[in-house]
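Quick notes on the structure that follows.
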Amino acid sequence: MIEQKRLPQWAINYLHYIQVPIQEPSHEYLKEICIAHLNRIPFENISTLLHFKEYHKKGKLVQDEEEFVKQLVQHHMGGTCYMINSSLNQLLNQLGFHSRYALLGGGHVALLVRLPNEKEEMYVDCGNSAPFFEPVRLETDYGNVSQYGGIEVRIRPGEEPGTYTYYRYVDGNLLTELIWSFDTKKTYRFDDFQTAIKKYFQPNDLFTSSLRCQIWQLDQKRSLSLVNNVLNIRDNNGNVEKHKLTGSNDIREVIDYEFKLPKLPVEDAIMVLQELGVDIFEDSEE
């Protein structure tokens with residue numbers, strides 16, 4: 001049994017936050033971590049907006065799992081793929097899994113995770129607004145579909161050994177901008193992503209020109225997605241309720257009582273967007 005005293009304090013706090021006990025590495029344990037992660041940690045760009053000025057001063061994003069956990073506990077921040085999956089990578093390696101990075105489509109960071117006594121790597125992705133509630137066995141489950149309420153992701157093998165393509169569908173429609181290829185034969189360090197991160201932090205890019213927050217709530221059989229001032233509530237049957245919010249107070253209330261993230265500094269992120277010339281309350285078709 002992995003002893004609690006052998007784990008660094010940030011890892012103990014991380015597991016405590018997602019309400020998962022320390023266990024030996026196994027497929028079921030990895031699945032438990034994935035489910036808890038997606039239900040407790042939001043995929044959001046609020047943290048991106050709050051770090052916007054700091055990033056442009058430094059010109060680099062540093063992988064820091066301790067800071068990730070600190071912001072998680074103090075501010076209910078999660079992040080996007082760079083911070084969520086890189087911190088999860090560190091946690092899984094501390095717990096005895098063999099975890100490394102994968103780069104999809106030149107910009108999305110996910111994980112390839114292997115159990116200690118197995119050769120096959122599994123795709124793990126908690127830094128994505130997609131329903132990866134369990135690891136995907138790439139080599140032995142060619143027909144894999146990760147799905148929930150009309151959202152589906154399929155990972156299919158490519159022509160070259162070790163290559164795969166990620167396809168995402170919403171209500172039966174393929175999102176062509178989310179067709180990502182990746183090569184499991186390539187290995188990466190976090191700094192290999194700095195070029196992609198630089199583009200990510202450019203003004204007017206997807207995550208610097210909008211307000212986004214998404215989380216799964218399997219206990220309530222639904223997922224929540226806030227894009228600017230529009231809240232989408234999708235149930236497990238694929239039915240979607242849309243609610244247009246008219247001001248910052250409405251967004252604060254939704255974040256507090258629907259997302260249950262009362263420490264998330266959403267007002268500060270809205271102010272950053274205003275400084276960047278973005279009004280999230282303009283009429284939108286989102």
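All residue names refer to the structure tokens as shown: chains lettered A, B, ... in order, residues numbered from 1 in each chain, ligands numbered from 1 in order.
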
Using only C-alpha atoms, I'd like a table of the residues in region 136-241 of chain A that come within 9 Å of region 61-72 of chain A; for each, show the closest atom pair and its distance in Å rounded to one decimal, ordered by chain and ascending number, as a tab-separated table.
```
residue	atom	partner	partner_atom	distance
A:Phe190	CA	A:Gln63	CA	6.9
A:Asp191	CA	A:Val62	CA	8.1
A:Gln194	CA	A:Leu61	CA	7.2
A:Ile197	CA	A:Leu61	CA	7.4
A:Lys198	CA	A:Leu61	CA	8.6
```

How would the residues just chosen look if you wrote them out with N, CA and C atoms as a compact mmCIF listing (two decimals), in the first residue's frame?
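This is the output file out_28.txt:
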```
# COMPACT_ATOMS: atom_id res chain seq x y z
N PHE A 190 7.21 19.17 -20.78
CA PHE A 190 6.25 20.28 -20.75
C PHE A 190 6.74 21.45 -21.60
N ASP A 191 8.03 21.72 -21.58
CA ASP A 191 8.54 22.87 -22.35
C ASP A 191 8.40 22.69 -23.85
N GLN A 194 5.61 24.98 -25.30
CA GLN A 194 5.64 26.43 -25.16
C GLN A 194 5.19 27.16 -26.42
N ILE A 197 1.49 26.99 -26.36
CA ILE A 197 1.00 27.83 -25.26
C ILE A 197 1.07 29.31 -25.64
N LYS A 198 2.11 29.69 -26.37
CA LYS A 198 2.23 31.09 -26.81
C LYS A 198 1.04 31.48 -27.67
```

Backbone DSSP call of helix (DSSP H, G or I) for region 21-240 of chain A, listed as a VMD selection string: chain A and resid 27 to 40 46 to 50 52 to 58 65 to 75 81 to 94 176 to 178 190 to 200 206 to 208 218 to 220

Of the residues A:Phe133, A:Leu224, A:Lys199, A:Ile18, which is the one nearest to Ile41 (chain A), using only C-alpha atoms? A:Ile18

All residues 10 Å or closer to Pro157 (chain A), only C-alpha atoms, same chain fewer than 6 positions away omitted, as a PyMOL selection string: chain A and resi 138-139+142-143+163-166+181-183

Selection to disk with all heavy atoms, as a short mmCIF file (atom, residue, chain, number, x, y, z; two decimals), in the first residue's frame:
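File written: out24.cif
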```cif
data_model
loop_
_atom_site.label_atom_id
_atom_site.label_comp_id
_atom_site.auth_asym_id
_atom_site.auth_seq_id
_atom_site.Cartn_x
_atom_site.Cartn_y
_atom_site.Cartn_z
N LEU A 138 -6.02 2.06 -26.10
CA LEU A 138 -5.82 2.38 -27.51
C LEU A 138 -5.56 1.15 -28.37
O LEU A 138 -6.00 1.08 -29.52
CB LEU A 138 -4.65 3.36 -27.65
CG LEU A 138 -4.85 4.74 -27.02
CD1 LEU A 138 -3.57 5.54 -27.11
CD2 LEU A 138 -5.99 5.49 -27.67
N GLU A 139 -4.84 0.16 -27.83
CA GLU A 139 -4.40 -0.97 -28.65
C GLU A 139 -5.42 -2.10 -28.72
O GLU A 139 -5.41 -2.87 -29.69
CB GLU A 139 -3.08 -1.50 -28.11
CG GLU A 139 -1.94 -0.50 -28.18
CD GLU A 139 -0.67 -1.03 -27.54
OE1 GLU A 139 -0.58 -2.26 -27.34
OE2 GLU A 139 0.22 -0.22 -27.23
N TYR A 142 -10.41 -0.81 -30.21
CA TYR A 142 -10.49 0.04 -31.39
C TYR A 142 -11.87 0.68 -31.55
O TYR A 142 -12.02 1.70 -32.21
CB TYR A 142 -10.16 -0.76 -32.65
CG TYR A 142 -8.70 -1.14 -32.77
CD1 TYR A 142 -8.32 -2.30 -33.44
CD2 TYR A 142 -7.71 -0.34 -32.22
CE1 TYR A 142 -6.98 -2.65 -33.56
CE2 TYR A 142 -6.37 -0.68 -32.33
CZ TYR A 142 -6.00 -1.85 -33.00
OH TYR A 142 -4.69 -2.19 -33.11
N GLY A 143 -12.88 0.07 -30.98
CA GLY A 143 -14.23 0.61 -31.12
C GLY A 143 -14.64 1.53 -29.98
O GLY A 143 -15.82 1.78 -29.78
N THR A 163 -0.04 5.67 -34.31
CA THR A 163 -0.72 6.94 -34.57
C THR A 163 -2.23 6.76 -34.42
O THR A 163 -2.78 5.70 -34.70
CB THR A 163 -0.40 7.48 -35.97
OG1 THR A 163 -0.89 6.58 -36.96
CG2 THR A 163 1.10 7.67 -36.15
N TYR A 164 -2.87 7.85 -33.99
CA TYR A 164 -4.31 7.81 -33.74
C TYR A 164 -4.93 9.16 -34.10
O TYR A 164 -4.23 10.18 -34.20
CB TYR A 164 -4.58 7.52 -32.25
CG TYR A 164 -4.08 6.17 -31.81
CD1 TYR A 164 -2.76 6.02 -31.36
CD2 TYR A 164 -4.89 5.04 -31.85
CE1 TYR A 164 -2.28 4.77 -30.98
CE2 TYR A 164 -4.42 3.81 -31.47
CZ TYR A 164 -3.11 3.68 -31.04
OH TYR A 164 -2.64 2.44 -30.67
N THR A 165 -6.24 9.15 -34.29
CA THR A 165 -6.97 10.38 -34.54
C THR A 165 -8.17 10.46 -33.61
O THR A 165 -8.88 9.47 -33.41
CB THR A 165 -7.44 10.49 -36.00
OG1 THR A 165 -6.31 10.40 -36.86
CG2 THR A 165 -8.13 11.82 -36.25
N TYR A 166 -8.35 11.63 -33.05
CA TYR A 166 -9.41 11.95 -32.09
C TYR A 166 -10.55 12.63 -32.85
O TYR A 166 -10.32 13.61 -33.57
CB TYR A 166 -8.79 12.87 -31.05
CG TYR A 166 -9.68 13.58 -30.07
CD1 TYR A 166 -9.57 13.32 -28.70
CD2 TYR A 166 -10.55 14.60 -30.46
CE1 TYR A 166 -10.33 14.02 -27.77
CE2 TYR A 166 -11.32 15.30 -29.54
CZ TYR A 166 -11.20 15.00 -28.21
OH TYR A 166 -11.95 15.70 -27.29
N SER A 181 -4.91 14.58 -34.66
CA SER A 181 -4.06 13.40 -34.81
C SER A 181 -2.93 13.46 -33.79
O SER A 181 -2.50 14.54 -33.37
CB SER A 181 -3.48 13.35 -36.23
OG SER A 181 -4.52 13.17 -37.17
N PHE A 182 -2.45 12.27 -33.39
CA PHE A 182 -1.32 12.23 -32.46
C PHE A 182 -0.52 10.95 -32.65
O PHE A 182 -1.02 9.96 -33.19
CB PHE A 182 -1.76 12.41 -31.01
CG PHE A 182 -2.68 11.35 -30.46
CD1 PHE A 182 -2.21 10.38 -29.57
CD2 PHE A 182 -4.04 11.35 -30.77
CE1 PHE A 182 -3.06 9.43 -29.03
CE2 PHE A 182 -4.90 10.40 -30.24
CZ PHE A 182 -4.41 9.43 -29.37
N ASP A 183 0.72 10.99 -32.21
CA ASP A 183 1.66 9.90 -32.40
C ASP A 183 2.20 9.47 -31.05
O ASP A 183 2.92 10.23 -30.38
CB ASP A 183 2.80 10.37 -33.31
CG ASP A 183 3.74 9.25 -33.73
OD1 ASP A 183 3.71 8.17 -33.10
OD2 ASP A 183 4.51 9.46 -34.68
#
```

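Atom pair CA of Gly59 (chain A) / CA of Cys213 (chain A) has a distance of 24.9 Å (rounded to one decimal).
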
Could you give me, as number ranges by chain, the residues within 10 Å of Leu92 (chain A), counting only C-alpha atoms and dropping anything in the same chain fewer than 4 positions from it? A: 11, 25, 30, 33, 87-88, 96-100, 113-114

Restricted to N, CA, C and O atoms, what would the selected residues look like written as a compact mmCIF listing (two decimals), in the first residue's frame?
```txt
# COMPACT_ATOMS: atom_id res chain seq x y z
N ALA A 11 0.19 16.36 -3.26
CA ALA A 11 -0.53 15.19 -3.78
C ALA A 11 -1.62 14.75 -2.80
O ALA A 11 -2.72 14.35 -3.21
N PRO A 25 -1.94 1.29 -7.75
CA PRO A 25 -2.33 1.50 -9.14
C PRO A 25 -3.12 0.32 -9.70
O PRO A 25 -2.74 -0.83 -9.53
N LEU A 30 -7.64 4.09 -11.57
CA LEU A 30 -7.46 5.14 -12.56
C LEU A 30 -8.82 5.67 -13.02
O LEU A 30 -9.00 6.88 -13.18
N ILE A 33 -10.25 7.92 -10.36
CA ILE A 33 -9.61 9.24 -10.39
C ILE A 33 -10.19 10.09 -11.52
O ILE A 33 -10.50 11.28 -11.33
N SER A 87 -0.68 18.61 -14.29
CA SER A 87 -0.71 18.36 -12.85
C SER A 87 -1.19 16.94 -12.56
O SER A 87 -0.65 16.26 -11.67
N LEU A 88 -2.18 16.47 -13.32
CA LEU A 88 -2.63 15.09 -13.17
C LEU A 88 -1.50 14.13 -13.51
O LEU A 88 -1.34 13.08 -12.86
N GLY A 96 2.28 5.82 -8.58
CA GLY A 96 2.83 4.56 -9.06
C GLY A 96 2.42 4.18 -10.46
O GLY A 96 2.81 3.12 -10.96
N PHE A 97 1.61 5.02 -11.13
CA PHE A 97 1.32 4.80 -12.54
C PHE A 97 2.51 5.28 -13.37
O PHE A 97 3.35 6.05 -12.90
N HIS A 98 2.58 4.84 -14.61
CA HIS A 98 3.58 5.36 -15.55
C HIS A 98 2.84 6.27 -16.51
O HIS A 98 2.12 5.80 -17.39
N SER A 99 3.00 7.58 -16.33
CA SER A 99 2.25 8.56 -17.11
C SER A 99 3.21 9.46 -17.88
O SER A 99 4.27 9.84 -17.39
N ARG A 100 2.81 9.78 -19.13
CA ARG A 100 3.59 10.70 -19.95
C ARG A 100 2.65 11.49 -20.84
O ARG A 100 1.45 11.19 -20.93
N VAL A 113 -1.09 6.64 -20.13
CA VAL A 113 -0.87 6.08 -18.80
C VAL A 113 -0.81 4.55 -18.87
O VAL A 113 -1.64 3.92 -19.54
N ARG A 114 0.16 4.01 -18.18
CA ARG A 114 0.35 2.56 -18.16
C ARG A 114 0.38 2.08 -16.72
O ARG A 114 0.93 2.74 -15.84
```

What does the structure give for the distance between CA of Asp235 (chain A) and CA of Gln217 (chain A), in Å to one decimal?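 CA of Gln217 (chain A) lies at a distance of 9.5 Å from CA of Asp235 (chain A).
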
What's around Gly238 (chain A) at 8 Å? Count only C-alpha atoms, leave out sequence neighbours fewer than 4 positions away in its own chain, and write the answer as a list in words.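 Surrounding residues, per the criterion: Tyr148, Gly149, Gly150, Ile151, Asp171 and Arg234 of chain A.
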
Kindly give the distance, in Å, that separates CA of Tyr123 (chain A) and CA of Gln147 (chain A), rounded to a single decimal.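 CA of Tyr123 (chain A) sits 14.7 Å away from CA of Gln147 (chain A).
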
When distances are computed from only C-alpha atoms, which of A:Leu175, A:Ser26, A:His37, A:Arg252 shows the smallest separation from Asp268 (chain A)? A:Arg252

Given only C-alpha atoms as the counted atoms, nearest of A:His27, A:His243, A:His56, A:Arg212 to Ile280 (chain A): A:Arg212

Find the residues around Ala269 (chain A) up to 12 Å (only C-alpha atoms counted), leave out those fewer than 6 positions away in its own chain, and share them as an NGL selection string. :A and (44-53 or 77 or 207-213 or 228 or 248 or 251-252 or 275-276 or 278-280)

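Proximity of A:Asn144, A:Lys186, A:Gly78, A:Pro116 to Leu104 (chain A), computed with only C-alpha atoms, is greatest for A:Lys186.
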
If you run DSSP on this backbone, which residues of region 152-239 of chain A come out as strand (DSSP E or B), and could you give them as a PyMOL selection string? chain A and resi 152-157+163-170+173-174+180-183+212-217+222-227+230-235

Would you export the selected residues with C-alpha atoms as a CSV table (one decimal), in the first residue's frame, please?
```csv
chain,number,residue,atom,x,y,z
A,152,GLU,CA,-19.1,11.5,-28.1
A,153,VAL,CA,-15.4,11.1,-28.6
A,154,ARG,CA,-13.9,8.3,-30.6
A,155,ILE,CA,-10.2,7.6,-30.9
A,156,ARG,CA,-9.3,5.6,-34.0
A,157,PRO,CA,-5.9,4.1,-35.1
A,163,THR,CA,-0.7,6.9,-34.6
A,164,TYR,CA,-4.3,7.8,-33.7
A,165,THR,CA,-7.0,10.4,-34.5
A,166,TYR,CA,-9.4,11.9,-32.1
A,167,TYR,CA,-12.9,12.7,-33.3
A,168,ARG,CA,-15.6,14.6,-31.4
A,169,TYR,CA,-19.3,14.6,-32.1
A,170,VAL,CA,-22.1,16.7,-30.5
A,173,ASN,CA,-22.5,16.1,-35.7
A,174,LEU,CA,-18.7,15.8,-36.2
A,180,TRP,CA,-6.8,15.8,-33.8
A,181,SER,CA,-4.1,13.4,-34.8
A,182,PHE,CA,-1.3,12.2,-32.5
A,183,ASP,CA,1.7,9.9,-32.4
A,212,ARG,CA,-15.8,29.5,-20.3
A,213,CYS,CA,-16.5,27.1,-17.5
A,214,GLN,CA,-17.6,23.5,-17.8
A,215,ILE,CA,-18.1,20.7,-15.3
A,216,TRP,CA,-19.8,17.3,-15.1
A,217,GLN,CA,-22.3,16.5,-12.4
A,222,ARG,CA,-26.1,16.5,-16.2
A,223,SER,CA,-23.2,18.6,-17.4
A,224,LEU,CA,-22.9,22.4,-17.1
A,225,SER,CA,-21.3,24.7,-19.7
A,226,LEU,CA,-21.1,28.4,-19.4
A,227,VAL,CA,-19.9,30.3,-22.6
A,230,VAL,CA,-25.1,31.6,-21.9
A,231,LEU,CA,-25.5,28.6,-19.5
A,232,ASN,CA,-26.2,25.2,-21.2
A,233,ILE,CA,-27.5,22.4,-18.9
A,234,ARG,CA,-27.2,19.1,-20.8
A,235,ASP,CA,-28.9,16.0,-19.2
```
